[in-house]
Every structure is written in structure tokens, then in C-alpha cells.
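Worksheet for the structure shown next.
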Amino acid sequence: MTSPRPVEQVLETVDNSLDQSLDRLFALLRIKSISTDSAYAKDCVAAAEWLAADLRTIGFSAEVRPTGGHPAVVAKSPAATGPHALFYGHYDVQPVDPLNLWETPPFEPRIAAGPDGAKRIVARGACDDKGQVMTFVEACRAWKAVTGSLPMGLTLLIEGEEESGSKHLFDFVKANAAELKADIAFVCDTGMWDPQTPAITTSLRGLVYEEVKVIAADRDLHSGLFGGAARNPIHVLSKIIGSLHDDQGRITIPGFYDGVQELPEDVRADWEALDLNAEGFLGPIGLSQPIGEKGRLLIEMVQSRPTCDANGIIGGYTGEGTKTVIPSDASAKISFRLVGGQDPLKVRDAFHAFVRAQLPADCKVEFISYKASPAIQLPWTMPALVGARAALTAEWGKKAVTIGSGGSIPIVGDFKTVLGVDSLLVGFGLDDDRVHSPNEKYDLKSFHKGIRSWVRILDALAA
């Protein structure tokens with residue numbers, strides 16, 4: 001009779017020690033590590049120290065490191081041979097306001113039944129990100145318990161300022177780049193496609209954010225005296241903004257789509273099978289019609305296609321009542337979400353040229369450039385991605401999907417530019433986890449199978 005493969009023994013250990021894993025998670029959840037409020041600075045230190053101490057119990061050399069703000073935890077368990085991975089998460093949490101909307105105190109974790117009867121962990125940080133971090137830690141613990149070692153070399157970087165902007169993380173990563181160097185990075189701060197379907201986030205859209213001001217006369221003008229003769233910058237700016245899209249939903253800036261690639265056919269087929277539709281996606285917010293590029297799947301519009309949006313516009317009199325003026329200037333804030341190989345600086349310069357080309361006589365323009373960050377796109381056939389996807393599929397019994405994120409996660413870009421490593425974004429949060437809201441929760445299934453998933457991923461990638 002052959003002995004079971006080590007990974008099966010490790011999974012059995014996860015199942016048998018789930019109560020102890022919950023006890024450890026609850027201990028971490030009780031710590032009020034709110035990073036945005038200086039009154040909780042000592043609690044942030046306490047959370048970092050708790051994590052470092054816990055990681056030492058499973059053989060990591062773990063330290064609490066100072067930054068310019070709240071400390072970071074760095075823990076290492078090198079392997080003699082084979083790949084080495086960097087795991088990133090955060091121990092800080094959002095403020096709990098409004099406190100009166102919590103059904104029970106936010107830092108007194110509990111198990112509650114959801115509307116469907118499923119058990120869920122309720123506490124601030126249950127999902128974002130303490131529960132997610134501990135899925136990985138508990139997977140490491142199970143491997144150590146069964147085999148005495150980890151299947152691959154690991155470095156853990158767990159910060160304490162994600163919820164307050166990670167203001168000091170880039171400098172910390174840059175200063176410790178040699179120590180943090182790895183073959184791949186794991187980020188566990190994302191979610192599932194749905195409660196049954198695991199997901200790996202393979203792309204993050206980049207961002208260009210601009211403010212544009214069109215200036216005409218040297219002062220506000222009386223519309224009764226100058227109306228019909230003087231240039232109105234609100235009209236000029238509105239026309240420019242309106243011309244940014246054509247009637248097919250495409251962005252009209254010359255060269256804007258340079259570097260944008262089409263989805264591979266198998267990925268497009270997977271996305272189409274997810275059946276994201278306007279009724280389910282837009283209906284809950286009171287809308288019915290997607291306005292992106294014609295002929296595109298809705299999921300493409302929000303995950304893999306670039307966008308342009310006016311985020312704010314102001315000019316002239318906006319107070320109560322009336323004031324008949326032609327304003328001297330009008331301003332707008334414009335953002336572009338980028339994908340694939342788009343160059344943010346080229347997009348910014350092309351936008352400036354686009355505006356200047358439409359500027360009529362008696363007008364000048366000023367720009368303020370705020371952000372210009374590139375998109376992140378993993379190669380679809382990257383071996384680590386293929387291996388992690390197979391591991392998730394084996395655990396959940398349903399094909400793991402690769403999805404994009406419409407938003408941006410700056411640390412992933414930092415890992416790429418500073419450390420030269422790609423990141424696998426694997427998480428087990430759900431859309432209804434009430435992240436950042438009262439009564440935040442994390443399904444017990446997400447926690448349990450999240451641990452099991454990381455056991456399988458470590459096994460797959462070690463090969």
C-alpha cells in the first residue's frame with residue numbers, strides 16, 4: 001500500500017486543525033489596528049508583533065521593521081533549492097464608523113449564520129485583509145506540521161498602512177529590494193468571481209489623471225453686455241470633452257489604442273461563459289445600458305479595455321440663485337484607465353495635443369498632471385499562472401477563471417518595477433463581504449478552502 005502524497009496529508013491537517021486556525025485568526029482580529037487614526041498607533045504595533053511572533057512558531061525568521069509610519073513585518077523561510085516567492089498582505093484595517101450600524105462590537109469576532117445558513121466570520125478585518133493573510137499563514141503551518149518544511153522558499157511582507165495609502169511602502173521595498181527579491185509574488189487581497197468560482201486576477205488597469213483648464217477673457221463678463229460676442233470657456237471645454245468618444249464608444253485621441261491587445265480566444269470564451277450582463281451589473285445601480293465600445297462584452301468593458309471619464313467639471317457661477325456671467329475659465333478633471341502595453345506618458349501627451357488642437361481663438365489651456373501609472377498584465381501562458389489555476393480548479397471543483405481588475409493596486413506595479421517580479425493575485429473574498437462597511441464578514445468556507453487552496457498552490461508552484 002502506497003502512502004498518500006504529502007499534499008493530501010497537509011490538506012487533512014488543515015481540516016483537522018480548523019478550530020485552532022480560527023482561534024489564531026480571532027486573536028488577530030481582536031487587535032484594533034486602524035492605520036488612519038493615530039490613536040491606534042500602538043494597536044498597529046501590537047498587530048505587527050503578534051504576526052511576527054506567530055510566524056516564528058512555524059520556523060520563519062520574522063522581524064517587525066520600522067518604516068516612516070506603521071511598522072512592517074518581514075518573515076523569511078528560504079529553501080536550499082527551487083523557486084522563492086514573496087507573499088504580500090496587510091494587517092491594518094479601516095475605521096469602524098458608523099459604530100451604531102454594527103450588530104456586535106467590530107473587534108469581538110464571532111461566527112454567525114448568513115441568510116442562506118452558511119457560517120461567516122464577522123469582524124473588522126475579517127476579509128480585508130487579516131482573514132486573507134491568515135489563509136496563507138495557516139497553509140504554511142500545515143505544511144510544516146506534516147513535512148517539517150515548506151515546499152518552496154518564502155518571504156512574507158505584511159504592511160500596516162494599506163488602508164491609509166501605503167505611503168511608506170514604496171521606499172521600504174526599494175530600500176530592501178535585495179532582501180525581498182523573489183521569482184514570483186503572491187498578493188492575497190482580491191476575491192472570487194462568485195461563491196463557487198475561484199479566480200486569479202491577471203491584469204490591473206493603469207491610470208492617467210489630468211486636470212485641464214480652458215481660459216478665455218481676463219475676468220468674468222456680464223452676459224448681457226458680452227453674450228454672443230465673447231468666447232465662453234464652458235462651451236469650449238464641454239465640446240472638447242464631448243469629442244473624446246465617437247458614436248461607437250471608442251476614444252478618439254490619436255494613438256490612444258497603441259499597445260492595447262485583444263483577448264486570446266480561450267480567455268474570451270471563458271469570460272463570455274461568466275455571463276456578466278447589464279441587468280445584473282448595472283440594474284442594481286439604476287442603469288440599464290452599457291456605454292462602452294460597441295461589439296464588446298460587458299466584462300471586457302470593465303476589465304480589459306481602456307477608458308476615459310470626466311470625473312468633475314466646474315466653471316462660472318455655481319452658488320445659490322442666479323448670476324449672469326460668462327466665466328473667464330472652466331476646468332475639468334479627466335481620468336484614463338489603461339490596459340496592456342499602453343504608455344501612460346504617451347497617453348498624457350496625446351491628450352494634451354488633442355485638447356490644444358481643438359482650442360479656438362482667444363483661448364489658452366493649462367494642465368495639471370496628477371498620476372501616470374502603467375497597467376499590469378501577466379502573460380496568459382506564464383507557468384506559475386497555469387499551475388496556480390490548476391491548483392484552484394482542483395480544490396474548488398470548478399474551473400478557475402482569470403479575470404482583470406478595473407482598478408489599480410500600486411504595490412503590484414512596485415513589485416514589477418523595483419523587484420522585477422510578476423504578481424499572482426489570488427483571494428477568496430466575496431462581493432457581499434461588506435469590506436470597509438459595518439458588519440464586515442468573511443465566509444468560513446472562504447477561510448477554510450482558502451487555506452486548502454494555498455496548500456495546493458504552494459505544492460504546484462514548487463514543481
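Lettering and numbering for the C-alpha cells are positional, with chains as A, B, ... in the shown order, residues counted from 1 in each chain, and ligands counted from 1 in the shown order.
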
Spatial neighbours of stretch 325-331 of chain A, max dist 8 Å, only C-alpha atoms, sep filter under 5 positions, as an MDAnalysis selection string | chainID A and resid 211:223 226:227 230 232:234 237 313:317

Where does stretch 174-286 of chain A meet stretch 340-354 of chain A within 7 Å, residue by residue, with the nearest atom pair and distance in Å to one decimal for each, counting only C-alpha atoms, listed by chain and rising number, as a tab-separated table?
residue	atom	partner	partner_atom	distance
A:Val208	CA	A:Pro344	CA	6.1
A:Ile253	CA	A:Phe354	CA	6.2
A:Pro254	CA	A:Ala350	CA	6.9
A:Phe256	CA	A:Val347	CA	6.1
A:Asp258	CA	A:Gln342	CA	6.1
A:Gly259	CA	A:Gly341	CA	4.2
A:Val260	CA	A:Gly340	CA	5.4
A:Gln261	CA	A:Gly340	CA	6.5

Go ahead and write the selection's residues with C-alpha atoms as a PDB file, in the first residue's frame.
ATOM      1  CA  VAL A 208      -3.583  58.725 -16.087  1.00  0.00           C
ATOM      2  CA  ILE A 253      -7.417  60.613 -29.188  1.00  0.00           C
ATOM      3  CA  PRO A 254      -4.909  59.724 -31.935  1.00  0.00           C
ATOM      4  CA  PHE A 256      -4.680  56.133 -27.738  1.00  0.00           C
ATOM      5  CA  ASP A 258      -1.364  51.825 -29.176  1.00  0.00           C
ATOM      6  CA  GLY A 259      -0.308  48.821 -27.095  1.00  0.00           C
ATOM      7  CA  VAL A 260      -3.866  47.541 -26.499  1.00  0.00           C
ATOM      8  CA  GLN A 261      -4.121  43.836 -27.293  1.00  0.00           C
TER       9      GLN A 261
END

Would you please work out which residue, of A:Glu293, A:Glu159, A:Glu320, A:Glu300, is nearest to A:Val73 when using only C-alpha atoms?
-> A:Glu159

Go through A:Trp50, A:Trp193, A:Phe87, A:Tyr442 and flag the residue nearest A:Val401, using only C-alpha atoms for the distances.
->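 Residue with the minimum atom-to-atom distance to A:Val401: A:Trp193.
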
Neighbour list for A:Leu204 as number ranges by chain, cut-off 12 Å, only C-alpha atoms, skip fewer than 3 positions in-chain | A: 190, 200-201, 207, 302-306, 337-341, 373-378, 402-413, 422-425

Kindly save the residues from that selection, with N, CA and C atoms included, as an mmCIF file, in the first residue's frame.
data_model
loop_
_atom_site.group_PDB
_atom_site.id
_atom_site.type_symbol
_atom_site.label_atom_id
_atom_site.label_comp_id
_atom_site.auth_asym_id
_atom_site.auth_seq_id
_atom_site.Cartn_x
_atom_site.Cartn_y
_atom_site.Cartn_z
ATOM 1 N N THR A 190 -7.673 40.042 -2.947
ATOM 2 C CA THR A 190 -8.661 40.107 -4.025
ATOM 3 C C THR A 190 -9.784 39.112 -3.713
ATOM 4 N N ILE A 200 -8.192 34.177 -10.432
ATOM 5 C CA ILE A 200 -6.874 34.804 -10.347
ATOM 6 C C ILE A 200 -6.944 36.097 -11.140
ATOM 7 N N THR A 201 -6.584 37.188 -10.502
ATOM 8 C CA THR A 201 -6.566 38.476 -11.188
ATOM 9 C C THR A 201 -5.257 38.592 -11.947
ATOM 10 N N LEU A 207 -3.404 54.076 -14.781
ATOM 11 C CA LEU A 207 -4.177 55.300 -14.585
ATOM 12 C C LEU A 207 -3.392 56.529 -15.031
ATOM 13 N N VAL A 302 -15.220 46.563 -18.587
ATOM 14 C CA VAL A 302 -14.825 46.961 -17.233
ATOM 15 C C VAL A 302 -13.518 46.327 -16.780
ATOM 16 N N GLN A 303 -12.963 45.384 -17.579
ATOM 17 C CA GLN A 303 -11.751 44.713 -17.109
ATOM 18 C C GLN A 303 -10.569 44.788 -18.055
ATOM 19 N N SER A 304 -10.805 44.772 -19.364
ATOM 20 C CA SER A 304 -9.659 44.647 -20.269
ATOM 21 C C SER A 304 -9.588 45.720 -21.346
ATOM 22 N N ARG A 305 -10.502 46.688 -21.342
ATOM 23 C CA ARG A 305 -10.469 47.765 -22.322
ATOM 24 C C ARG A 305 -10.148 49.081 -21.626
ATOM 25 N N PRO A 306 -9.429 49.974 -22.308
ATOM 26 C CA PRO A 306 -9.113 51.269 -21.711
ATOM 27 C C PRO A 306 -10.331 52.193 -21.710
ATOM 28 N N ARG A 337 -8.232 55.022 -17.697
ATOM 29 C CA ARG A 337 -7.806 53.710 -17.213
ATOM 30 C C ARG A 337 -7.132 52.996 -18.376
ATOM 31 N N LEU A 338 -5.913 52.524 -18.141
ATOM 32 C CA LEU A 338 -5.095 51.968 -19.212
ATOM 33 C C LEU A 338 -4.971 50.452 -19.082
ATOM 34 N N VAL A 339 -4.678 49.785 -20.194
ATOM 35 C CA VAL A 339 -4.514 48.333 -20.201
ATOM 36 C C VAL A 339 -3.275 47.972 -21.010
ATOM 37 N N GLY A 340 -2.869 46.706 -20.844
ATOM 38 C CA GLY A 340 -1.823 46.137 -21.694
ATOM 39 C C GLY A 340 -0.570 46.977 -21.762
ATOM 40 N N GLY A 341 -0.122 47.240 -22.990
ATOM 41 C CA GLY A 341 1.129 47.945 -23.198
ATOM 42 C C GLY A 341 0.985 49.434 -23.426
ATOM 43 N N SER A 373 0.445 55.971 -14.205
ATOM 44 C CA SER A 373 0.959 54.649 -13.853
ATOM 45 C C SER A 373 0.533 53.631 -14.902
ATOM 46 N N PRO A 374 1.428 52.704 -15.259
ATOM 47 C CA PRO A 374 1.118 51.738 -16.312
ATOM 48 C C PRO A 374 0.215 50.615 -15.819
ATOM 49 N N ALA A 375 -0.398 49.912 -16.745
ATOM 50 C CA ALA A 375 -1.189 48.733 -16.422
ATOM 51 C C ALA A 375 -0.267 47.553 -16.142
ATOM 52 N N ILE A 376 -0.816 46.551 -15.483
ATOM 53 C CA ILE A 376 -0.109 45.295 -15.228
ATOM 54 C C ILE A 376 -0.855 44.182 -15.955
ATOM 55 N N GLN A 377 -0.141 43.389 -16.727
ATOM 56 C CA GLN A 377 -0.750 42.269 -17.436
ATOM 57 C C GLN A 377 0.178 41.061 -17.370
ATOM 58 N N LEU A 378 -0.275 39.983 -16.726
ATOM 59 C CA LEU A 378 0.512 38.758 -16.696
ATOM 60 C C LEU A 378 0.412 38.050 -18.045
ATOM 61 N N THR A 402 -9.514 33.431 -14.986
ATOM 62 C CA THR A 402 -8.562 34.537 -14.942
ATOM 63 C C THR A 402 -9.327 35.794 -15.305
ATOM 64 N N ILE A 403 -9.265 36.776 -14.425
ATOM 65 C CA ILE A 403 -10.037 37.991 -14.630
ATOM 66 C C ILE A 403 -9.130 39.208 -14.537
ATOM 67 N N GLY A 404 -9.640 40.328 -15.018
ATOM 68 C CA GLY A 404 -8.937 41.589 -14.877
ATOM 69 C C GLY A 404 -9.590 42.420 -13.802
ATOM 70 N N SER A 405 -8.895 43.411 -13.363
ATOM 71 C CA SER A 405 -9.446 44.351 -12.392
ATOM 72 C C SER A 405 -9.479 45.730 -13.022
ATOM 73 N N GLY A 406 -10.624 46.389 -12.879
ATOM 74 C CA GLY A 406 -10.734 47.739 -13.420
ATOM 75 C C GLY A 406 -9.943 48.752 -12.642
ATOM 76 N N GLY A 407 -9.605 48.414 -11.388
ATOM 77 C CA GLY A 407 -8.876 49.337 -10.531
ATOM 78 C C GLY A 407 -7.377 49.122 -10.606
ATOM 79 N N SER A 408 -6.675 49.759 -9.685
ATOM 80 C CA SER A 408 -5.222 49.690 -9.646
ATOM 81 C C SER A 408 -4.778 49.302 -8.242
ATOM 82 N N ILE A 409 -3.714 48.493 -8.135
ATOM 83 C CA ILE A 409 -3.096 48.147 -6.863
ATOM 84 C C ILE A 409 -1.628 48.540 -6.980
ATOM 85 N N PRO A 410 -1.257 49.709 -6.445
ATOM 86 C CA PRO A 410 0.095 50.238 -6.699
ATOM 87 C C PRO A 410 1.230 49.289 -6.329
ATOM 88 N N ILE A 411 1.070 48.493 -5.245
ATOM 89 C CA ILE A 411 2.185 47.644 -4.824
ATOM 90 C C ILE A 411 2.547 46.630 -5.905
ATOM 91 N N VAL A 412 1.570 46.192 -6.704
ATOM 92 C CA VAL A 412 1.862 45.233 -7.762
ATOM 93 C C VAL A 412 2.791 45.864 -8.793
ATOM 94 N N GLY A 413 2.530 47.129 -9.108
ATOM 95 C CA GLY A 413 3.436 47.845 -10.004
ATOM 96 C C GLY A 413 4.806 48.032 -9.400
ATOM 97 N N ASP A 422 6.625 39.411 -11.316
ATOM 98 C CA ASP A 422 5.191 39.436 -11.561
ATOM 99 C C ASP A 422 4.457 38.969 -10.316
ATOM 100 N N SER A 423 3.190 39.345 -10.212
ATOM 101 C CA SER A 423 2.384 39.018 -9.041
ATOM 102 C C SER A 423 1.170 38.196 -9.434
ATOM 103 N N LEU A 424 0.922 37.120 -8.669
ATOM 104 C CA LEU A 424 -0.320 36.363 -8.759
ATOM 105 C C LEU A 424 -1.270 36.900 -7.700
ATOM 106 N N LEU A 425 -2.407 37.416 -8.131
ATOM 107 C CA LEU A 425 -3.387 37.961 -7.197
ATOM 108 C C LEU A 425 -4.481 36.921 -6.986
#
